[in-house]
Structures are given as structure tokens and as C-alpha cells.
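S.K.: Got a structure here, written out as C-alpha cells. Questions coming.
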Amino acid sequence: MAKGGEKELEERCEIILAIEELSLLKNEEEEKKLSTLAFLHLSNLLLQVLVVTDKIGPTMAVLSLDIRRNIQRLEEIYLLDPSSNSNLMGIVEKEVKEGTVRKADSCSRAILWLSRSLDFTVAMLEALEKESEQSLNQIIEASYKTTLGPWHGWIASAAYKIALQLLPEREFFVGLLMGKNKDYGKLKGEICKLVALIQPLLHEVHELMKKFHLERLKST
């Protein structure tokens with residue numbers, strides 16, 4: 001790659017790269033409802049965005065670790081039999097029949113918690129784009145309360161409450177998301193595009209969880 005091309009790639013933030021990859025994925029997977037690969041790809045893109053923001057403290061680091069574990073669990077079952085496990089519906093239905101769907105290490109739980117992590121990220125990014133006067137602490141606390149919080153046990157909730165006290169200023173976080181581009185107006189537009197790409201697949205996953213009455217499962 002030419003030096004100019006390398007510089008251009010370096011200056012594009014993770015959100016822009018995620019938008020581009022999700023746009024391609026949407027075109028390729030539009031006929032494949034609840035594709036396991038599509039969901040794994042989306043989750044890995046989310047992880048890439050969050051890894052950039054791990055620098056803001058333990059809140060994102062803890063979330064990134066949870067996402068990695070759930071991605072790994074789902075990837076492992078997929079690789080065992082890509083043909084049979086190509087669809088999230090098939091994976092959940094199989095665990096329902098086996099009576100393992102509610103176990104702590106089930107793939108159904110991994111899918112559920114990945115969708116909740118995506119919910120948290122969407123809520124956080126939307127608030128960052130819309131609530132210009134709110135601090136980072138207010139944004140993340142509100143996003144947590146409406147997405148992950150209701151389903152966490154007291155240990156996880158306590159850990160997040162401690163982590164919330166260690167957040168930096170909003171400007172620092174926004175700077176990480178913008179990357180070298182440093183264009184806040186453009187970042188807000190990119191957030192809207194990214195959320196619009198995430199929500200359709202996320203809606204399908206939520207409907208799947210509701211179908212099998214898994215949407216209210218809490219952490220063990």
C-alpha cells in the first residue's frame with residue numbers, strides 16, 4: 001500500500017471502518033436471517049470499537065472481556081459444525097431440545113448477552129450524539145441502567161458502579177472515538193449511520209430471544 005493510502009487508513013476511526021464493513025455485510029447477508037456469521041461479525045466489530053475506548057478505564061475493559069468470552073463460545077459451536085450452526089435460530093432450538101438452553105455456558109446465553117452488550121453500545125453512542133450537555137459518567141450510567149443493569153446480579157452491578165467512578169471527561173472519550181480525524185460533526189453523523197446498521201439485526205435477535213422466553217434471563 002502506498003504511504004498516502006496507509007496514512008488515510010490510519011486516520012479513519014474504528015466507527016468508520018465498522019460502518020464500511022457492516023454496509024458490505026448487509027448486502028451479503030440480507031437474504032440470510034439470523035446468520036451466525038453475521039452476528040459474530042457484528043459482535044467482533046463492536047469489540048474493535050470498544051477496544052479503542054478501553055483507555056477510558058475499567059468500565060469498557062470489563063465489557064470487552066465479557067464480549068470476548070461470549071464471542072468465543074459462539075465461535076466454538078459454529079466451528080464444530082458450520083452447516084448445522086449457520087443460523088442462530090437453529091443453535092437456540094437445538095439447546096431448547098437438549099434442555100441446556102438456560103445453562104450458564106449455553107450458546108443461547110452467549111447470544112443473549114452479546115445482544116445486550118450491543119444494546120448498551122447503541123444506547124451509549126446515541127446519547128453521545130444527542131445529549132451534548134451530559135457528562136460521560138451520566139451517559140454511561142444511564143445506558144447501563146436501561147440495558148445491562150436490569151439483568152446483572154449484585155456482584156456485576158457493584159463492579160460497574162465502582163468502574164463508573166473512574167471515568168475520564170467526555171472530551172477525552174470523544175477524542176478516542178474520533179481518532180485522528182478530529183471532526184465532531186462528522187462523528188455524530190457516523191454514529192447515526194452505525195446505529196442504523198446495527199439495529200435491524202439486533203431487533204431480529206431480540207425477537208428470537210422472546211420466542212423462546214429467554215429475554216428475561218439474568219446473570220448467574
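Following the order of the C-alpha cells, first chain is A, next is B, and so on, with residues numbered from 1 inside each chain and ligands from 1 in the order they appear.
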Going by DSSP on the backbone, which bits of range 10-212 of chain A are alpha helix (DSSP H)? Write them as a ChimeraX atom specification, please.
M.R.: /A:10-11,14-29,36-52,58-80,88-98,107-130,136-146,154-164,170-178,184-211
S.K.: Please provide as a short mmCIF file (atom, residue, chain, number, x, y, z; two decimals) with C-alpha atoms, in the first residue's frame all residues within 10 Å of Ile71 in chain A, with the sequence filter that same-chain residues fewer than 4 positions apart are discarded (counting only C-alpha atoms).
M.R.:
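Everything below was put into result28.cif:
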```
data_model
loop_
_atom_site.label_atom_id
_atom_site.label_comp_id
_atom_site.auth_asym_id
_atom_site.auth_seq_id
_atom_site.Cartn_x
_atom_site.Cartn_y
_atom_site.Cartn_z
CA PHE A 39 -23.94 -11.84 14.28
CA LEU A 40 -20.38 -12.87 15.09
CA HIS A 41 -19.06 -10.31 12.65
CA SER A 43 -20.04 -8.57 17.70
CA ASN A 44 -16.38 -8.51 16.63
CA LEU A 47 -15.36 -5.29 20.18
CA LEU A 65 -13.83 -9.10 28.33
CA ASP A 66 -17.45 -10.28 28.58
CA ILE A 67 -17.93 -9.78 24.85
CA GLU A 75 -17.49 -19.28 17.54
CA GLU A 76 -16.59 -22.64 19.05
CA CYS A 107 -24.66 -20.55 23.41
CA ALA A 110 -23.89 -16.01 24.84
CA ILE A 111 -26.21 -14.72 22.10
CA TRP A 113 -25.52 -11.24 26.44
CA LEU A 114 -23.93 -10.20 23.16
#
```
S.K.: Counting only C-alpha atoms, which of A:Val122, A:Leu194, A:Leu214, A:Leu208 gets nearest to Ile15 in chain A?
M.R.: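 Closest to Ile15 in chain A of all the choices is A:Leu194.
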S.K.: Give me the residues near range 162-170 of chain A as a compact mmCIF listing (two decimals) with C-alpha atoms, in the first residue's frame, where near means some atom within 12 Å (using only C-alpha atoms) and where sequence neighbours in that chain fewer than 2 positions away do not count.
M.R.:
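Output (around-v8.txt):
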```txt
# COMPACT_ATOMS: atom_id res chain seq x y z
CA THR A 53 -12.08 3.03 24.25
CA ASP A 54 -10.58 0.65 26.85
CA LYS A 55 -8.28 3.57 27.68
CA ILE A 56 -11.13 5.35 29.47
CA GLY A 57 -10.94 2.89 32.35
CA PRO A 58 -12.25 -0.43 33.68
CA THR A 59 -15.87 0.06 32.56
CA MET A 60 -15.11 -0.67 28.91
CA ALA A 61 -12.39 -3.18 29.77
CA VAL A 62 -14.86 -5.32 31.77
CA LEU A 63 -17.45 -5.12 28.99
CA MET A 124 -24.27 4.98 24.75
CA ALA A 127 -26.76 9.55 23.95
CA LEU A 128 -23.30 10.79 23.00
CA GLU A 129 -24.72 12.07 19.73
CA GLU A 131 -27.08 14.70 24.71
CA SER A 132 -24.37 17.28 24.18
CA GLU A 133 -24.56 18.60 27.75
CA GLN A 134 -24.29 15.29 29.60
CA SER A 135 -21.03 14.08 31.10
CA LEU A 136 -19.55 10.72 30.13
CA ASN A 137 -20.46 9.38 33.57
CA GLN A 138 -24.12 10.36 33.07
CA ILE A 139 -24.24 8.84 29.60
CA ILE A 140 -22.70 5.51 30.53
CA GLU A 141 -24.63 5.22 33.79
CA ALA A 142 -27.96 5.87 32.03
CA SER A 143 -27.09 3.45 29.21
CA TYR A 144 -26.08 0.78 31.70
CA LYS A 145 -29.28 1.16 33.74
CA ILE A 155 -21.65 -8.60 42.08
CA ALA A 156 -21.59 -7.39 38.46
CA SER A 157 -23.69 -4.34 39.35
CA ALA A 158 -21.31 -3.41 42.17
CA ALA A 159 -18.31 -3.76 39.85
CA TYR A 160 -19.88 -1.43 37.28
CA PHE A 172 -11.29 12.53 26.17
CA PHE A 173 -13.73 9.77 25.21
CA VAL A 174 -14.97 11.66 22.15
CA GLY A 175 -11.37 12.19 21.09
CA LEU A 176 -10.73 8.44 21.18
CA LEU A 177 -13.79 7.78 19.04
```
